[in-house]
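Structure first, commentary second.
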Amino acid sequence: MSQLLKLNIWFEGSRPKTIPAAIVPVIVGTASVETGLTLHRFVLALVVSIALQVGVNYANDYSDGIRGTDQDRIGPRRLVGSGLIKANQVKLAAGISFLIAAIAGLVLAIMTSLWLILIGCIAILAAWFYTGGSRPYGYSGYGEVSVFVFFGLVATVGSSYVQSQTIESISILCSVPVGLLASALLVVNNFRDIETDSETGKQTFAVRLGKEKTKMFFALLLLASLGMYVLLAVFYTYLVLITLVVIPLIIKLIYDIFSKENAQDLINLLENTAKLHLLAGILLSIGLAAGV
């Protein structure tokens, strides 16, 4: 295998299409701060968030791969499940990613508050035990809760905190739509995998709900995010209403999840949900930066 091909496989295994879920809370949290941008803290927060996202992707690949739950999955190939990369190498890649997040997080903690060290440790443990360990909580239907907490609340409020060193109500409120759309990404991913997850014993929230209720849950998450943008406009600045530009995309996504069934359509649905998350995050950040 050529080095270029191997690098491409590693890049694919990092699941680059999930990276917007790590970028969005950082830019939204930073944009919510009134005191202005401290660039090096923003960059460090971005490194922490992206490294955690890549780390959890590799950790999931490793844990699912050694359990054999990725053998017949729909969608992009996995490193361990496909046999392309040895399991211990993927495990090492996850560890290196978490180490990068830990180092960047430690620097931020020294600059701001040592409490961030504790939060960072909890985030890394949550990332590993999502599919790792003897009783992974992602196999019991709690994945969406974890995503909402860590890629919504913690990442958004944390990114705001490292700028202002205070926890502001606006950052907490902004974390809600960010977390809702991040959770929607996991919902549609698990919706796509309901059959294979059921066969391998993964009791994701989508498996527990069943197809029809999962569709409704997905739609509810998207519509709830719209409601939060309106709430932000009422209590903070009307300029965040620019985020409502995403309404046509939300309508299309809801239509698609109720009307399309084949594997490629579901892959496209996941990709378009990721685009919604990124677009909504950028628009919300613009509205906040202009109005706060």
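Lettering and numbering for the structure tokens are positional, with chains as A, B, ... in the shown order, residues counted from 1 in each chain, and ligands counted from 1 in the shown order.
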Give me the residues within 8 Å of range 144-161 of chain A as a PyMOL selection string, counting only C-alpha atoms and dropping any in the same chain fewer than 4 places off.
chain A and resi 21-22+25-33+42+45+49+123+126+165-168+171-172+174-180+182-183+186-187+205
If DSSP is run on the backbone, what residues of range 8-252 of chain A are helix (DSSP H, G or I)? A reply as a ChimeraX atom specification would be ideal.
/A:8-13,16-18,20-31,39-67,87-111,115-129,137-140,143-164,169-192,194-200,205-209,211-235,238-252
Separation of CA of Val230 in chain A from CA of Thr243 in chain A, in Å and rounded to one decimal:
9.2 Å
Among listed residues A:Thr131, A:Leu181, A:Gly36, A:Leu99, nearest Gly65 in chain A (using only C-alpha atoms)
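Answer, going by the shortest atom-to-atom distance: A:Thr131.
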Within 10 Å of Phe217 in chain A, counting only C-alpha atoms, which residues qualify if same-chain residues fewer than 4 places away don't, as a ChimeraX atom specification?
/A:184,187-188,206,209,211-213,221-223
